[in-house]
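First comes the structure, then the notes that go with it.
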Amino acid sequence: FNPSNVHKLLGHCLEPSSCKLHGHHHGVQFYEGKEHRYIDYPVMDVLQMMGRACRPKEDERSRCVLMCQQTRKDFYKKFLAEGLPIESHLPTHLLHDYFLAEIVVKTIENKQDAMASVLLNLDILTWTYFYRRMTQNPNYYNLHNVSHQHLSDHLSELVENTLSDLVNSKCISIEDEMDVSALNLGMIAAYYNISNVTVEVYTLSLKERTKLKGLLEVVSSSAEFETIPIRRHEESLLRQIYDRVPVHADFEAPHFKTFLLLQAHFSRLQLPPDLAADQVLVLEKVLNLLSACVDMMSSNAWLNALGAMDLLQICVQAMWETDSPLKQIPHFEPEVVKRCKDAGIDSVYDVMEMEDDKRNELLQMTPIQMRDVALFVNSYPTLDVSHELVKGEYTAGAPIILQVALSKDVDEDDAEGDDQTVVAPVLIIFRITNTIRAVI
């Protein structure tokens with residue numbers, strides 16, 4: 001399109017927000033899959049898409065054609081020609097997680113710290129944009145008066161309701177009706193930056209006998225995935241993917257699309273551009289969600305926390321646990337894996353121990369590809385696990401204490417600068433290294 005080989009470019013409604021074009025046409029509605037109807041774009045989104053019609057420092061003028069019904073013409077002319085105030089969504093979408101994060105780091109230690117009394121300007125809500133907008137546009141925030149007393153009463157009620165919800169979700173505790181402190185679930189939610197609603201769902205859904213399918217369904221139903229769009233033409237595509245993945249679930253479930261996109265990633269299926277973009281959104285969030293599942297299940301001393309760890313590794317390496325371990329290595333396509341299997345090479349360690357000449361002959365890769373293979377193989381960890389029964393008097397049916405030691409073999413030359421970065425050629429999302437705490 002940019003070299004003028006294509007004169008008209010048709011794209012998805014979200015694409016004008018992510019690319020700059022010399023003029024474009026777009027409508028004002030999109031299909032909402034959850035409600036199965038077309039709804040209007042928010043005016044702010046329309047303004048953003050219109051702003052993309054001009055390429056800075058390249059175009060002196062540009063044109064955007066807004067296609068809408070005649071009855072909506074005056075509405076858009078009014079809002080597109082006038083400045084729109086930016087309102088705060090803190091009380092409607094973010095307040096619970098905001099309070100929880102501040103409680104975990106002990107910025108808020110009691111209710112008074114959270115109250116927004118006008119007389120005490122050090123209180124946390126009085127420093128927010130939300131507090132500033134309340135006095136400027138009270139109707140938007142369901143305020144009938146902007147006096148100090150009305151503001152104080154409104155914020156006091158807001159704080160009480162928010163803290164009560166966090167107590168009910170077992171994220172915080174309140175002592176002596178004043179002092180607040182974070183519980184284990186709250187610290188997990190704040191550490192992994194996930195919603196308190198998600199943590200509550202995990203608490204109710206994860207059980208000691210939850211297997212891979214159940215864990216996939218629970219993670220797919222996270223609040224973080226509610227914004228994944230559902231388009232009108234996707235049902236047939238999703239059914240085709242459904243027939244190619246091994247784990248099945250209810251096709252009408254709200255989280256079904258996320259459930260399929262994760263499995264498509266594990267199976268390394270090629271997806272259309274729209275679904276591939278949605279899959280990236282899922283992968284950006286799923287690692288933290290799975291890490292939170294590991295911590296929650298480990299905190300309960302559930303052995304199936306190992307299954308959550310396996311699922312985390314499945315997601316990072318984009319392969320099922322039943323697939324050949326060789327699929328982890330870059331450029332190991334199915335035909336390469338087959339040649340290795342026929343030659344008796346079944347693991348990464350087998351590739352590591354091969355002679356250079358035999359390895360080059362078997363893999364048949366370019367020097368650049370071989371460099372990527374060498375980088376992965378050399379960084380592949382060699383772990384030793386040993387266990388010992390702690391001495392003591394044990395009886396039938398009573399718990400026993402088993403001491404497990406996990407050690408990693410490190411070359412003496414690399415001992416000081418041991419790089420613990422995971423090489424994941426398929427997963428393009430970078431992940432913050434987390435320390436996994438196993439409870440035995």
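How things are named: the first chain in the structure tokens is A, the next is B, and so on; residues count from 1 in each chain; ligands count from 1 in the order shown.
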Pick out each residue of stretch 164-351 of chain A that DSSP on the backbone tags as helix (DSSP H, G or I); I need them as a PyMOL selection string. chain A and resi 164-168+184-192+196-205+212-220+223-225+234-242+256-267+273-299+305-317+325-328+334-342+348-351
If we count only C-alpha atoms and set the cut-off at 8 Å, which residues sit around A:Leu206, ignoring sequence neighbours fewer than 2 positions away in its own chain? Please answer as a ChimeraX atom specification. /A:202-204,208,210,215,218,297
Could you please take those selected residues and save C-alpha atoms as an mmCIF file, in the first residue's frame?
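selection-v3.cif, freshly written:
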data_model
loop_
_atom_site.group_PDB
_atom_site.id
_atom_site.type_symbol
_atom_site.label_atom_id
_atom_site.label_comp_id
_atom_site.auth_asym_id
_atom_site.auth_seq_id
_atom_site.Cartn_x
_atom_site.Cartn_y
_atom_site.Cartn_z
ATOM 1 C CA TYR A 202 -9.241 -19.348 40.979
ATOM 2 C CA THR A 203 -9.958 -19.859 44.675
ATOM 3 C CA LEU A 204 -13.437 -21.188 43.945
ATOM 4 C CA GLU A 208 -6.746 -30.608 44.652
ATOM 5 C CA THR A 210 -7.834 -30.320 38.995
ATOM 6 C CA LEU A 215 -6.768 -25.833 34.630
ATOM 7 C CA VAL A 218 -10.099 -21.956 34.739
ATOM 8 C CA MET A 297 -1.899 -24.411 44.528
#
When DSSP is applied to the backbone of this structure, which of stretch 139-324 of chain A are assigned strand (DSSP E or B)? Write them out as a VMD selection string. chain A and resid 172 to 175 179 to 182
Those selected residues, please, written with N, CA, C and O atoms and delivered as a PDB file, in the first residue's frame.
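What ended up in again.pdb:
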ATOM      1  N   ILE A 172      -7.652  -9.494  51.582  1.00  0.00           N
ATOM      2  CA  ILE A 172      -7.165  -8.700  52.716  1.00  0.00           C
ATOM      3  C   ILE A 172      -7.942  -9.089  53.961  1.00  0.00           C
ATOM      4  O   ILE A 172      -8.967  -9.774  53.891  1.00  0.00           O
ATOM      5  N   SER A 173      -7.454  -8.641  55.090  1.00  0.00           N
ATOM      6  CA  SER A 173      -8.159  -8.804  56.359  1.00  0.00           C
ATOM      7  C   SER A 173      -8.214  -7.454  57.056  1.00  0.00           C
ATOM      8  O   SER A 173      -7.324  -6.614  56.877  1.00  0.00           O
ATOM      9  N   ILE A 174      -9.262  -7.244  57.831  1.00  0.00           N
ATOM     10  CA  ILE A 174      -9.430  -6.005  58.583  1.00  0.00           C
ATOM     11  C   ILE A 174      -9.541  -6.367  60.059  1.00  0.00           C
ATOM     12  O   ILE A 174     -10.397  -7.169  60.456  1.00  0.00           O
ATOM     13  N   GLU A 175      -8.676  -5.783  60.875  1.00  0.00           N
ATOM     14  CA  GLU A 175      -8.669  -6.037  62.315  1.00  0.00           C
ATOM     15  C   GLU A 175      -9.111  -4.781  63.060  1.00  0.00           C
ATOM     16  O   GLU A 175      -8.743  -3.662  62.689  1.00  0.00           O
ATOM     17  N   ASP A 179      -7.567  -1.502  60.975  1.00  0.00           N
ATOM     18  CA  ASP A 179      -6.281  -1.877  60.391  1.00  0.00           C
ATOM     19  C   ASP A 179      -6.478  -2.922  59.295  1.00  0.00           C
ATOM     20  O   ASP A 179      -7.151  -3.937  59.503  1.00  0.00           O
ATOM     21  N   VAL A 180      -5.868  -2.683  58.146  1.00  0.00           N
ATOM     22  CA  VAL A 180      -5.976  -3.597  57.013  1.00  0.00           C
ATOM     23  C   VAL A 180      -4.611  -4.195  56.715  1.00  0.00           C
ATOM     24  O   VAL A 180      -3.579  -3.542  56.880  1.00  0.00           O
ATOM     25  N   SER A 181      -4.613  -5.449  56.278  1.00  0.00           N
ATOM     26  CA  SER A 181      -3.370  -6.128  55.907  1.00  0.00           C
ATOM     27  C   SER A 181      -3.669  -7.103  54.784  1.00  0.00           C
ATOM     28  O   SER A 181      -4.791  -7.616  54.661  1.00  0.00           O
ATOM     29  N   ALA A 182      -2.674  -7.362  53.950  1.00  0.00           N
ATOM     30  CA  ALA A 182      -2.844  -8.240  52.792  1.00  0.00           C
ATOM     31  C   ALA A 182      -2.709  -9.701  53.196  1.00  0.00           C
ATOM     32  O   ALA A 182      -1.850 -10.056  54.014  1.00  0.00           O
TER      33      ALA A 182
END
Name the closest residue to A:Lys358 among the candidates A:Gly51, A:Ala396, A:Cys340, A:Glu87; distances are taken between atoms, counting only C-alpha atoms. A:Cys340
Check which residues of stretch 275-389 of chain A sit at most 8 Å from stretch 401-407 of chain A using only C-alpha atoms, and return one row each with the closest pair of atoms and their distance in Å to one decimal, ordered by chain and rising number, as CSV.
residue,atom,partner,partner_atom,distance
A:Leu383,CA,A:Ser407,CA,5.7
A:Asp384,CA,A:Ser407,CA,5.2
A:Val385,CA,A:Leu406,CA,4.8
A:Ser386,CA,A:Ala405,CA,5.2
A:His387,CA,A:Val404,CA,4.3
A:Glu388,CA,A:Gln403,CA,5.2
A:Leu389,CA,A:Leu402,CA,4.7
Output C-alpha atoms for every residue in that selection, as a PDB file, in the first residue's frame.
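File selection11.pdb, as written:
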ATOM      1  CA  LEU A 383      19.640 -30.868  36.743  1.00  0.00           C
ATOM      2  CA  ASP A 384      20.363 -33.400  39.460  1.00  0.00           C
ATOM      3  CA  VAL A 385      17.647 -34.417  41.912  1.00  0.00           C
ATOM      4  CA  SER A 386      18.409 -36.334  45.089  1.00  0.00           C
ATOM      5  CA  HIS A 387      16.180 -37.163  48.035  1.00  0.00           C
ATOM      6  CA  GLU A 388      16.640 -38.457  51.542  1.00  0.00           C
ATOM      7  CA  LEU A 389      14.199 -39.586  54.196  1.00  0.00           C
TER       8      LEU A 389
END
Give me the residues near A:Glu200 as a PDB file with N, CA and C atoms, in the first residue's frame, where near means some atom within 10 Å (using only C-alpha atoms) and where sequence neighbours in that chain fewer than 2 positions away do not count.
ATOM      1  N   LEU A 166     -12.896  -6.744  48.938  1.00  0.00           N
ATOM      2  CA  LEU A 166     -11.583  -7.388  49.026  1.00  0.00           C
ATOM      3  C   LEU A 166     -11.537  -8.383  50.184  1.00  0.00           C
ATOM      4  N   ASN A 168     -14.186 -10.087  51.250  1.00  0.00           N
ATOM      5  CA  ASN A 168     -14.996 -11.227  50.800  1.00  0.00           C
ATOM      6  C   ASN A 168     -14.232 -12.120  49.818  1.00  0.00           C
ATOM      7  N   SER A 169     -13.339 -11.530  49.035  1.00  0.00           N
ATOM      8  CA  SER A 169     -12.540 -12.321  48.096  1.00  0.00           C
ATOM      9  C   SER A 169     -11.285 -12.895  48.748  1.00  0.00           C
ATOM     10  N   LYS A 170     -11.144 -12.704  50.062  1.00  0.00           N
ATOM     11  CA  LYS A 170     -10.032 -13.252  50.861  1.00  0.00           C
ATOM     12  C   LYS A 170      -8.663 -12.722  50.417  1.00  0.00           C
ATOM     13  N   CYS A 171      -8.671 -11.468  49.949  1.00  0.00           N
ATOM     14  CA  CYS A 171      -7.417 -10.832  49.554  1.00  0.00           C
ATOM     15  C   CYS A 171      -6.814 -10.015  50.686  1.00  0.00           C
ATOM     16  N   LEU A 185      -3.577 -14.447  49.096  1.00  0.00           N
ATOM     17  CA  LEU A 185      -4.181 -14.265  47.776  1.00  0.00           C
ATOM     18  C   LEU A 185      -3.981 -12.843  47.274  1.00  0.00           C
ATOM     19  N   GLY A 186      -4.081 -11.879  48.177  1.00  0.00           N
ATOM     20  CA  GLY A 186      -3.876 -10.498  47.786  1.00  0.00           C
ATOM     21  C   GLY A 186      -2.452 -10.238  47.338  1.00  0.00           C
ATOM     22  N   ALA A 189      -2.017 -11.701  43.852  1.00  0.00           N
ATOM     23  CA  ALA A 189      -2.650 -10.866  42.831  1.00  0.00           C
ATOM     24  C   ALA A 189      -1.821  -9.619  42.541  1.00  0.00           C
ATOM     25  N   SER A 195      -6.154  -9.363  38.331  1.00  0.00           N
ATOM     26  CA  SER A 195      -7.342  -8.830  38.985  1.00  0.00           C
ATOM     27  C   SER A 195      -7.711  -9.637  40.226  1.00  0.00           C
ATOM     28  N   ASN A 196      -8.259  -8.936  41.212  1.00  0.00           N
ATOM     29  CA  ASN A 196      -8.725  -9.637  42.408  1.00  0.00           C
ATOM     30  C   ASN A 196      -9.905 -10.542  42.068  1.00  0.00           C
ATOM     31  N   VAL A 197     -10.663 -10.192  41.019  1.00  0.00           N
ATOM     32  CA  VAL A 197     -11.767 -11.056  40.565  1.00  0.00           C
ATOM     33  C   VAL A 197     -11.217 -12.380  40.058  1.00  0.00           C
ATOM     34  N   THR A 198     -10.108 -12.319  39.327  1.00  0.00           N
ATOM     35  CA  THR A 198      -9.479 -13.535  38.818  1.00  0.00           C
ATOM     36  C   THR A 198      -9.022 -14.424  39.963  1.00  0.00           C
ATOM     37  N   TYR A 202     -10.184 -18.249  40.789  1.00  0.00           N
ATOM     38  CA  TYR A 202      -9.241 -19.348  40.979  1.00  0.00           C
ATOM     39  C   TYR A 202      -9.474 -20.054  42.310  1.00  0.00           C
ATOM     40  N   THR A 203      -9.731 -19.272  43.350  1.00  0.00           N
ATOM     41  CA  THR A 203      -9.958 -19.859  44.675  1.00  0.00           C
ATOM     42  C   THR A 203     -11.164 -20.792  44.676  1.00  0.00           C
ATOM     43  N   LEU A 204     -12.211 -20.387  43.969  1.00  0.00           N
ATOM     44  CA  LEU A 204     -13.437 -21.188  43.945  1.00  0.00           C
ATOM     45  C   LEU A 204     -13.348 -22.363  42.973  1.00  0.00           C
ATOM     46  N   SER A 205     -12.507 -22.252  41.952  1.00  0.00           N
ATOM     47  CA  SER A 205     -12.502 -23.244  40.874  1.00  0.00           C
ATOM     48  C   SER A 205     -11.387 -24.277  40.988  1.00  0.00           C
ATOM     49  N   SER A 222     -10.399 -16.252  33.051  1.00  0.00           N
ATOM     50  CA  SER A 222      -9.879 -15.125  33.825  1.00  0.00           C
ATOM     51  C   SER A 222     -10.486 -13.811  33.341  1.00  0.00           C
TER      52      SER A 222
END
Separation of atom CA of A:Asp357 from atom CA of A:Arg371 in Å: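 So the two atoms, atom CA of A:Arg371 and atom CA of A:Asp357, lie 14.6 Å apart.
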When you draw a straight line from atom CA of A:Lys77 to atom CA of A:Glu60, how long is it in Å?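 The value is 22.9 Å.
Proximity to A:Met354 at 12 Å, evaluated using only C-alpha atoms and with sequence-adjacent residues fewer than 2 positions away removed, yields A:Cys340, A:Ala343, A:Gly344, A:Ile345, A:Asp346, A:Ser347, A:Val348, A:Tyr349, A:Asp350, A:Val351, A:Met352, A:Asp356, A:Asp357, A:Lys358, A:Arg359, A:Asn360, A:Glu361, A:Leu362, A:Leu363, A:Ala374, A:Val377.
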